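Q: Once you've had a glance at the structure underneath, I'll fire off some questions.
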Amino acid sequence: MKIRLCASGFSALLLIAGLGLISPRLAAQVSLTAPEPIPISAGPLGNWSLSGVVSYAGVASSQPFPEEDNGGDLTDGLAILQKTSGKWQFFALAGAYAFPALGARRTTTLQYTQILGAVPEAYAEYVFNAHVSIEAGKLPTLIGQESTFSYLNYNIQRGIIWNDMENLVSRGAQLNLVYGKVTLNLQYGDGFYSGHFGAPSAALAYAFNSKNTFTFTTLLPNRITPPNGSFYDANAQLYDWMYTYTGKRWSWTPYVLWLNSPATPNNSFTRAAHGWGCAVLGGYRINQQWLLGFRGEYALSNGTAASTSPNQNLLGFGAGAKAVTFSITPTWQEKDLFARAELSYARALNYIPGMVFGGGGNNPNQARGAAEVGVYF
């Protein structure tokens, strides 16, 4: 089970930039038009750039979790400093952030920020040529189609698959290879931000053309990796199949994710946990100012109500639970200013009473309304 005040996953297709490579930190789905970054001349250190985003969101739920209040908080308060030219490049993201997610308790920006720290991502990169680069530091995951940070997603809140099955950031190194239509990323780090190195990850992408890309990714941490503040089932093996379509008005980023958490006695995981989820995410560009984002998903886990193995409580609703969610999010942007509204619905199935929504934890349904305003500069 994911520790419920955090969520993991960063939906980046790590297709590499600079010198003809695709940028390593472009999200597969992008709801906002990025501004021109502020150029910085660093003399002999080359040309850098600075950009940032500040956003605030409020959320109201029909059936809040026990001891949970409706309210709002900062979703993004981030500065991005990077160098994207030359042999030596770097990327650094710093500030405060929140991970609002369906099926999870709302908590404070301060609590979220403490999970990865004030610099959640930072890495240095050496570009050998147009086909090969290496990078090292705090790297975003290769898994999934949703980003860690709100402003990069179609929706204000992340999905339940993102929250309960995906990793977020891994400390380690990565090799990036690009040849024609094929991109291969090989990462070695600590998986679910566990501090225990020995978790290889890989992404293989094939771009059929400028609009269509298929990607397979996987993460294989050591089976004895203990839980941590980012993820409870930090020994979970992930297998992810993703498709990306980007047209003039429509964008689609569906994916299917399979999770396997092996039985590990030293973690009190007396039984193996399995789960899978499928999601359809998309956006429709109405005009230059308006985008309509949406997401539908279905997730399930193994186990029964009698299970005492904590890793089988994968979705947080009890062992063997299932869930469906739906979100729709219209977004407006005028230059640096943006605003979004969101309606979402989550339903738990095969749940254990006392572990779902409402004051007594017995309501399987939750509807949420959210609104977000921000500046992207």
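Residues in the structure tokens are named by chain (A, B, ... in the order shown) and by number from 1 within that chain; ligands are numbered from 1 in the order shown.
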So which residues touch region 43-58 of chain A within 10 Å, counting only C-alpha atoms, skipping near sequence neighbours fewer than 4 positions away, as a ChimeraX atom specification?
A: /A:34-39,70-86,88-98,100,150-151,156-157,336-341,369-377
Q: Give me every strand (DSSP E) residue in region 100-254 of chain A, going by DSSP on the backbone, as a PDB file with C-alpha atoms, in the first residue's frame.
A:
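What ended up in states_9.pdb:
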ATOM      1  CA  GLU A 121      14.747  16.676  -9.070  1.00  0.00           C
ATOM      2  CA  ALA A 122      18.296  17.631 -10.000  1.00  0.00           C
ATOM      3  CA  TYR A 123      20.765  15.999 -12.362  1.00  0.00           C
ATOM      4  CA  ALA A 124      23.836  16.683 -14.433  1.00  0.00           C
ATOM      5  CA  GLU A 125      24.074  15.441 -18.003  1.00  0.00           C
ATOM      6  CA  TYR A 126      26.928  14.875 -20.430  1.00  0.00           C
ATOM      7  CA  VAL A 127      25.968  14.762 -24.118  1.00  0.00           C
ATOM      8  CA  VAL A 132      24.246   9.222 -26.647  1.00  0.00           C
ATOM      9  CA  SER A 133      24.074  11.016 -23.302  1.00  0.00           C
ATOM     10  CA  ILE A 134      24.437  10.122 -19.631  1.00  0.00           C
ATOM     11  CA  GLU A 135      22.997  11.796 -16.558  1.00  0.00           C
ATOM     12  CA  ALA A 136      23.181  11.369 -12.794  1.00  0.00           C
ATOM     13  CA  GLY A 137      21.353  12.781  -9.780  1.00  0.00           C
ATOM     14  CA  LYS A 138      17.738  12.776  -8.619  1.00  0.00           C
ATOM     15  CA  LEU A 139      16.008  11.457 -11.729  1.00  0.00           C
ATOM     16  CA  PRO A 140      12.287  11.276 -12.519  1.00  0.00           C
ATOM     17  CA  VAL A 169      12.017   9.824  -8.250  1.00  0.00           C
ATOM     18  CA  SER A 170      15.100   7.616  -8.212  1.00  0.00           C
ATOM     19  CA  ARG A 171      18.574   8.637  -7.155  1.00  0.00           C
ATOM     20  CA  GLY A 172      21.056   7.175  -9.602  1.00  0.00           C
ATOM     21  CA  ALA A 173      22.411   7.334 -13.154  1.00  0.00           C
ATOM     22  CA  GLN A 174      20.893   6.994 -16.603  1.00  0.00           C
ATOM     23  CA  LEU A 175      22.143   6.222 -20.092  1.00  0.00           C
ATOM     24  CA  ASN A 176      20.123   7.639 -23.015  1.00  0.00           C
ATOM     25  CA  LEU A 177      20.432   6.242 -26.547  1.00  0.00           C
ATOM     26  CA  VAL A 178      18.640   7.558 -29.629  1.00  0.00           C
ATOM     27  CA  TYR A 179      18.816   5.970 -33.066  1.00  0.00           C
ATOM     28  CA  VAL A 182      14.038   4.254 -31.382  1.00  0.00           C
ATOM     29  CA  THR A 183      14.898   5.685 -27.957  1.00  0.00           C
ATOM     30  CA  LEU A 184      16.328   3.553 -25.142  1.00  0.00           C
ATOM     31  CA  ASN A 185      16.776   4.801 -21.559  1.00  0.00           C
ATOM     32  CA  LEU A 186      18.616   2.650 -19.014  1.00  0.00           C
ATOM     33  CA  GLN A 187      18.456   3.772 -15.388  1.00  0.00           C
ATOM     34  CA  TYR A 188      20.122   2.366 -12.267  1.00  0.00           C
ATOM     35  CA  GLY A 189      19.179   3.786  -8.893  1.00  0.00           C
ATOM     36  CA  ALA A 199      16.928  -1.064  -8.919  1.00  0.00           C
ATOM     37  CA  PRO A 200      17.414  -1.141 -12.702  1.00  0.00           C
ATOM     38  CA  SER A 201      14.803   0.536 -14.871  1.00  0.00           C
ATOM     39  CA  ALA A 202      14.438   0.767 -18.641  1.00  0.00           C
ATOM     40  CA  ALA A 203      12.273   2.462 -21.241  1.00  0.00           C
ATOM     41  CA  LEU A 204      12.143   1.482 -24.909  1.00  0.00           C
ATOM     42  CA  ALA A 205      10.206   3.849 -27.189  1.00  0.00           C
ATOM     43  CA  TYR A 206       9.408   3.566 -30.866  1.00  0.00           C
ATOM     44  CA  ALA A 207       8.099   6.644 -32.689  1.00  0.00           C
ATOM     45  CA  ASN A 212       2.350   8.222 -32.595  1.00  0.00           C
ATOM     46  CA  THR A 213       4.763   6.643 -30.097  1.00  0.00           C
ATOM     47  CA  PHE A 214       4.674   3.331 -28.219  1.00  0.00           C
ATOM     48  CA  THR A 215       6.787   2.862 -25.081  1.00  0.00           C
ATOM     49  CA  PHE A 216       7.471  -0.098 -22.801  1.00  0.00           C
ATOM     50  CA  THR A 217       9.021   0.595 -19.394  1.00  0.00           C
ATOM     51  CA  THR A 218       9.957  -1.517 -16.411  1.00  0.00           C
ATOM     52  CA  LEU A 219      11.371  -1.129 -12.888  1.00  0.00           C
ATOM     53  CA  GLN A 237       8.301  -4.752  -9.860  1.00  0.00           C
ATOM     54  CA  LEU A 238       6.559  -2.605 -12.479  1.00  0.00           C
ATOM     55  CA  TYR A 239       5.790  -3.290 -16.149  1.00  0.00           C
ATOM     56  CA  ASP A 240       4.210  -0.485 -18.133  1.00  0.00           C
ATOM     57  CA  TRP A 241       2.869  -0.281 -21.707  1.00  0.00           C
ATOM     58  CA  MET A 242       2.210   3.270 -22.945  1.00  0.00           C
ATOM     59  CA  TYR A 243       0.911   4.849 -26.131  1.00  0.00           C
ATOM     60  CA  THR A 244       1.092   8.541 -27.016  1.00  0.00           C
ATOM     61  CA  TYR A 245      -0.839  10.298 -29.755  1.00  0.00           C
ATOM     62  CA  THR A 246      -0.438  14.027 -30.340  1.00  0.00           C
ATOM     63  CA  TRP A 250      -6.649  15.682 -29.775  1.00  0.00           C
ATOM     64  CA  SER A 251      -3.962  14.162 -27.553  1.00  0.00           C
ATOM     65  CA  TRP A 252      -4.168  10.652 -26.076  1.00  0.00           C
TER      66      TRP A 252
END
Q: For region 295-310 of chain A, work out the shell of residues within 7 Å, counting only C-alpha atoms and skipping chain neighbours fewer than 5 positions away, then give it as a list in words.
A: Met1, Ile161, Ser268, Phe269, Thr270, Arg271, Ala273, His274, Gly275, Trp276, Gly277, Cys278, Ala279, Val280, Leu281, Gly282, Gly318, Ala319, Gly320, Ala321, Lys322, Ala323, Val324, Thr325, Phe326, Ser327, Ile328 and Ile352 of chain A
Q: So which residues touch region 232-235 of chain A within 10 Å, counting only C-alpha atoms, skipping near sequence neighbours fewer than 5 positions away, as an MDAnalysis selection string?
A: chainID A and resid 1:4 164:167 190:194 196 199 219:227 259:264 267 269 273 310:314
Q: Using only C-alpha atoms, can you tell me which of A:Gly229, A:Pro66, A:Gly159, A:Gly195 comes closest to Ile115 (chain A)?
A: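 For Ile115 (chain A), the nearest of the candidates is A:Gly229.
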Q: Could you check the closest approach to Leu116 (chain A) for each of A:Asn209, A:Gln145, A:Ser41, A:Ser230 and tell me which residue wins, using only C-alpha atoms?
A: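 Looking only at the distances to Leu116 (chain A), the closest residue turns out to be A:Ser230.
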Q: Just the number, please: distance in Å from CA of Pro120 (chain A) to CA of Leu142 (chain A), one decimal.
A: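 These two atoms are separated by 15.4 Å.
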Q: Could you write out, as a PyMOL selection string, all the residues of region 120-210 of chain A that DSSP marks as helix (DSSP H, G or I)?
A: chain A and resi 150-152+160-165
Q: Write the residues of the preceding selection, restricted to C-alpha atoms, as a PDB file, in the first residue's frame.
A:
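As written to disk, result_34.pdb reads:
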ATOM      1  CA  SER A 150       0.375  19.461 -11.239  1.00  0.00           C
ATOM      2  CA  TYR A 151       1.130  22.020 -13.941  1.00  0.00           C
ATOM      3  CA  LEU A 152       2.394  19.327 -16.338  1.00  0.00           C
ATOM      4  CA  ILE A 160      -5.359   6.304  -8.380  1.00  0.00           C
ATOM      5  CA  ILE A 161      -2.965   4.179 -10.473  1.00  0.00           C
ATOM      6  CA  TRP A 162      -0.319   6.914 -10.288  1.00  0.00           C
ATOM      7  CA  ASN A 163      -0.879   7.271  -6.562  1.00  0.00           C
ATOM      8  CA  ASP A 164      -0.820   3.608  -5.604  1.00  0.00           C
ATOM      9  CA  MET A 165       1.386   1.799  -8.115  1.00  0.00           C
TER      10      MET A 165
END
Q: When you draw a straight line from CA of Leu349 (chain A) to CA of Val59 (chain A), how long is it in Å?
A: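 Result for CA of Leu349 (chain A) versus CA of Val59 (chain A): 23.5 Å, one decimal.
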Q: Of the candidates A:Ala104, A:Leu291, A:Val256, A:Ala236, which one gets nearest to Ala348 (chain A) if we count only C-alpha atoms?
A: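 Using only C-alpha atoms, the shortest distance to Ala348 (chain A) belongs to A:Ala104.
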Q: Could you tell me how far CA of Thr108 (chain A) sits from CA of Asn363 (chain A), in Å to one decimal place?
A: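 So the answer is 23.8 Å.
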